Structures are given as structure tokens and as C-alpha cells.
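Coordinates as given in entry.cif (mmCIF, C-alpha atoms):
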```cif
data_target
#
loop_
_atom_site.group_PDB
_atom_site.id
_atom_site.type_symbol
_atom_site.label_atom_id
_atom_site.label_comp_id
_atom_site.auth_asym_id
_atom_site.auth_seq_id
_atom_site.Cartn_x
_atom_site.Cartn_y
_atom_site.Cartn_z
ATOM 1 C CA MET A 499 -109.812 -23.135 -200.700
ATOM 2 C CA LEU A 500 -106.701 -21.018 -200.919
ATOM 3 C CA THR A 501 -104.195 -22.413 -198.417
ATOM 4 C CA ILE A 502 -100.471 -22.351 -197.919
ATOM 5 C CA GLN A 503 -100.329 -26.064 -198.752
ATOM 6 C CA ASN A 504 -102.336 -25.608 -201.963
ATOM 7 C CA LEU A 505 -100.090 -22.748 -203.019
ATOM 8 C CA ARG A 506 -97.013 -24.889 -202.420
ATOM 9 C CA ALA A 507 -98.516 -27.656 -204.559
ATOM 10 C CA TYR A 508 -99.307 -25.022 -207.219
ATOM 11 C CA GLY A 509 -95.609 -24.174 -207.365
ATOM 12 C CA ALA A 510 -95.510 -20.912 -205.436
ATOM 13 C CA ASN A 511 -92.426 -20.242 -203.351
ATOM 14 C CA VAL A 512 -94.611 -19.675 -200.315
ATOM 15 C CA ASP A 513 -91.738 -19.129 -197.883
ATOM 16 C CA ASP A 514 -90.459 -16.166 -199.911
ATOM 17 C CA GLY A 515 -93.967 -14.788 -200.406
ATOM 18 C CA VAL A 516 -94.829 -14.992 -196.713
ATOM 19 C CA GLN A 517 -91.521 -13.372 -195.813
ATOM 20 C CA ARG A 518 -92.347 -10.428 -198.110
ATOM 21 C CA CYS A 519 -95.700 -10.158 -196.298
ATOM 22 C CA LEU A 520 -94.100 -9.542 -192.901
ATOM 23 C CA ASN A 521 -94.092 -13.285 -192.120
ATOM 24 C CA ASP A 522 -97.884 -13.146 -191.829
ATOM 25 C CA GLU A 523 -99.458 -16.124 -193.615
ATOM 26 C CA GLY A 524 -102.950 -14.648 -193.365
ATOM 27 C CA PHE A 525 -101.809 -11.413 -194.966
ATOM 28 C CA TYR A 526 -100.035 -13.375 -197.681
ATOM 29 C CA LEU A 527 -103.203 -15.326 -198.471
ATOM 30 C CA GLU A 528 -105.157 -12.049 -198.616
ATOM 31 C CA MET A 529 -102.642 -10.612 -201.068
ATOM 32 C CA VAL A 530 -102.793 -13.723 -203.258
ATOM 33 C CA ALA A 531 -106.604 -13.558 -203.223
ATOM 34 C CA ALA A 532 -106.383 -9.898 -204.294
ATOM 35 C CA VAL A 533 -104.803 -11.057 -207.566
ATOM 36 C CA PHE A 534 -108.294 -12.056 -208.689
ATOM 37 C CA LYS A 535 -109.591 -8.511 -208.246
ATOM 38 C CA ASP A 536 -106.853 -6.991 -210.393
ATOM 39 C CA GLY A 537 -107.861 -6.137 -213.960
ATOM 40 C CA ASN A 538 -104.337 -5.983 -215.364
ATOM 41 C CA LEU A 539 -104.443 -9.438 -216.937
ATOM 42 C CA SER A 540 -107.549 -8.577 -218.949
ATOM 43 C CA ALA A 541 -106.002 -5.252 -219.913
ATOM 44 C CA LEU A 542 -102.820 -7.046 -221.007
ATOM 45 C CA GLU A 543 -104.843 -9.411 -223.205
ATOM 46 C CA GLN A 544 -106.668 -6.468 -224.758
ATOM 47 C CA ALA A 545 -103.436 -4.584 -225.457
ATOM 48 C CA LEU A 546 -101.980 -7.674 -227.130
ATOM 49 C CA GLU A 547 -105.120 -8.087 -229.233
ATOM 50 C CA ASN A 548 -104.784 -4.427 -230.231
ATOM 51 C CA LYS A 549 -101.110 -5.008 -231.124
ATOM 52 C CA ASP A 550 -100.132 -2.237 -228.686
ATOM 53 C CA ALA A 551 -96.714 -3.333 -227.431
ATOM 54 C CA LYS A 552 -96.147 -0.246 -225.274
ATOM 55 C CA THR A 553 -99.383 -0.614 -223.316
ATOM 56 C CA ALA A 554 -98.985 -4.388 -223.142
ATOM 57 C CA PHE A 555 -95.516 -3.881 -221.672
ATOM 58 C CA GLU A 556 -96.899 -1.615 -218.946
ATOM 59 C CA TYR A 557 -99.483 -4.192 -217.896
ATOM 60 C CA ALA A 558 -97.100 -7.130 -218.165
ATOM 61 C CA HIS A 559 -94.488 -5.277 -216.117
ATOM 62 C CA ALA A 560 -97.027 -4.480 -213.388
ATOM 63 C CA LEU A 561 -98.187 -8.099 -213.265
ATOM 64 C CA LYS A 562 -94.620 -9.353 -213.191
ATOM 65 C CA GLY A 563 -93.979 -7.274 -210.067
ATOM 66 C CA VAL A 564 -97.076 -8.549 -208.293
ATOM 67 C CA TYR A 565 -96.360 -12.157 -209.160
ATOM 68 C CA ALA A 566 -92.714 -11.809 -208.119
ATOM 69 C CA ASN A 567 -93.560 -10.221 -204.783
ATOM 70 C CA LEU A 568 -96.075 -12.957 -204.031
ATOM 71 C CA ALA A 569 -93.640 -15.621 -205.280
ATOM 72 C CA LEU A 570 -96.266 -17.041 -207.655
ATOM 73 C CA THR A 571 -93.662 -18.742 -209.831
ATOM 74 C CA PRO A 572 -96.050 -20.401 -212.320
ATOM 75 C CA LEU A 573 -97.467 -16.964 -213.131
ATOM 76 C CA TYR A 574 -94.223 -15.055 -212.786
ATOM 77 C CA THR A 575 -92.132 -17.093 -215.229
ATOM 78 C CA PRO A 576 -94.201 -16.630 -218.423
ATOM 79 C CA THR A 577 -95.079 -13.064 -217.415
ATOM 80 C CA ALA A 578 -91.395 -12.205 -217.038
ATOM 81 C CA GLU A 579 -90.663 -13.696 -220.461
ATOM 82 C CA LEU A 580 -93.474 -11.709 -222.043
ATOM 83 C CA THR A 581 -92.364 -8.533 -220.273
ATOM 84 C CA GLU A 582 -88.835 -8.816 -221.645
ATOM 85 C CA LEU A 583 -90.130 -9.419 -225.165
ATOM 86 C CA LEU A 584 -92.413 -6.401 -224.934
ATOM 87 C CA ARG A 585 -89.690 -4.262 -223.332
ATOM 88 C CA GLY A 586 -87.932 -4.299 -226.692
ATOM 89 C CA GLY A 587 -91.130 -3.213 -228.432
ATOM 90 C CA GLU A 588 -91.722 -6.657 -229.913
ATOM 91 C CA LEU A 589 -95.077 -8.378 -229.883
ATOM 92 C CA PRO A 590 -95.163 -12.147 -229.422
ATOM 93 C CA GLU A 591 -95.395 -14.138 -232.650
ATOM 94 C CA ASP A 592 -98.089 -16.371 -231.178
ATOM 95 C CA ASN A 593 -100.204 -16.773 -228.057
ATOM 96 C CA THR A 594 -97.900 -19.214 -226.275
ATOM 97 C CA LEU A 595 -96.889 -16.855 -223.470
ATOM 98 C CA ILE A 596 -100.283 -15.264 -222.847
ATOM 99 C CA ASP A 597 -101.867 -18.718 -222.922
ATOM 100 C CA ALA A 598 -99.322 -19.930 -220.347
ATOM 101 C CA ILE A 599 -100.147 -16.933 -218.146
ATOM 102 C CA LYS A 600 -103.897 -17.499 -218.491
ATOM 103 C CA ASN A 601 -103.520 -21.213 -217.721
ATOM 104 C CA ALA A 602 -101.407 -20.526 -214.623
ATOM 105 C CA TYR A 603 -103.965 -17.910 -213.547
ATOM 106 C CA ALA A 604 -106.817 -20.402 -214.018
ATOM 107 C CA ASP A 605 -104.899 -23.012 -212.006
ATOM 108 C CA LEU A 606 -104.421 -20.500 -209.195
ATOM 109 C CA GLN A 607 -108.049 -19.435 -209.344
ATOM 110 C CA ALA A 608 -109.113 -23.078 -209.057
ATOM 111 C CA LEU A 609 -107.470 -23.141 -205.623
ATOM 112 C CA SER A 610 -109.751 -20.452 -204.247
#
```
If you convert what's in this file into C-alpha cells, what do you get?
Amino acid sequence: MLTIQNLRAYGANVDDGVQRCLNDEGFYLEMVAAVFKDGNLSALEQALENKDAKTAFEYAHALKGVYANLALTPLYTPTAELTELLRGGELPEDNTLIDAIKNAYADLQALS
């Protein structure tokens, strides 16, 4: 079950995330749960597979904003790194960053 305590244990900066959600823990939990309905991660993976740095950047940048606003640090950190790499038009040399994002996503999903 997705709870404030579970999110803290996951590594989210829950206090910052709740503050950005008008200090409403229920609203914050709803917004975190909405991450699972967003198709941007799949679209990012597809763009990377297609070697389309521009499109991958757009998806990574969008995800970075969501993860930052919700203070989901384990997702934010590798997504921010990937975003900056893609910002310069470079594709990652390997799957390290996307794998880190997918693993952090799976860990978060396991909480729900």
C-alpha cells in the first residue's frame, strides 16, 4: 500500500512533496499514484530504442519535472542525469541510466 511511511523508506523527500501538494498528504499520495498512469516512461524507452535523442529528451524532461515536484528522489536522480545528457543531443552509451530509472519505478510500484 502506498503510504507516507513507505515513501519515506523508498527515499522520497515526502515533506517537500507534501508541501508542494498544498500540505495535503492525501493529495500527495494521489499524485504519486498518478505516476503509474503516465505513459512517458514507456515513450522515453521507445525513443531511446529508436536512437531519437530529441524525443527522448522531451520525455525525460517531462518525467524529471514530475519526479522533482513529487520529491521522488530515487526516480528523479537518474532521470535528471539522463535529461542533461540528452539535452546536449547525446544518447547514453549504455542502458545504465534507463535501467536505474526502471528499477526505481518498479520499486515505487511495489509500494502500491
Name every residue that the PyMOL selection byres ((chain A and resi 534) around 12) selects in this structure, writing the answer as a ChimeraX atom specification with chains first and numbers rising. /A:500,527-533,535-540,561,564-565,603-610
Neighbours of stretch 504-516 of chain A within 8 Å (only C-alpha atoms; same-chain residues fewer than 4 positions away dropped), as a ChimeraX atom specification? /A:499-500,520-523,526,567-572,605-606,609
With a distance cut-off of 7 Å and all atoms listed in the file, select the neighbouring residues of stretch 546-554 of chain A, excluding the residue or stretch itself and same-chain residues fewer than 5 positions from it, and output the selection as a PyMOL selection string. chain A and resi 584+587-589
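When atom CA of A:Ala545 is paired with atom CA of A:Ala558, their separation reads 10.0 Å.
Note that the spacing between atom CA of A:Phe555 and atom CA of A:Gln517 amounts to 27.8 Å.
For the pair atom CA of A:Ala602 and atom CA of A:Gly524, the interatomic distance is 22.1 Å.
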Nearest to A:Ala541: which of A:Gly563, A:Ile596, A:Glu579, A:Gly586 is it, counting all atoms listed in the file? A:Ile596
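Considering the residues A:Lys562, A:Glu556, A:Ile599, A:Leu573 and counting all atoms listed in the file, A:Arg585 has its shortest atom-to-atom contact with A:Glu556.
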What box, with edges along x, y and z, holds each listed atom of stretch 557-562 of chain A when 4 Å is added on every side, and can you state its centre and edge lengths in Å to one decimal, as AutoDock Vina command-line options?
```
--center_x -97.0 --center_y -6.8 --center_z -215.7 --size_x 13.0 --size_y 13.2 --size_z 13.0
```
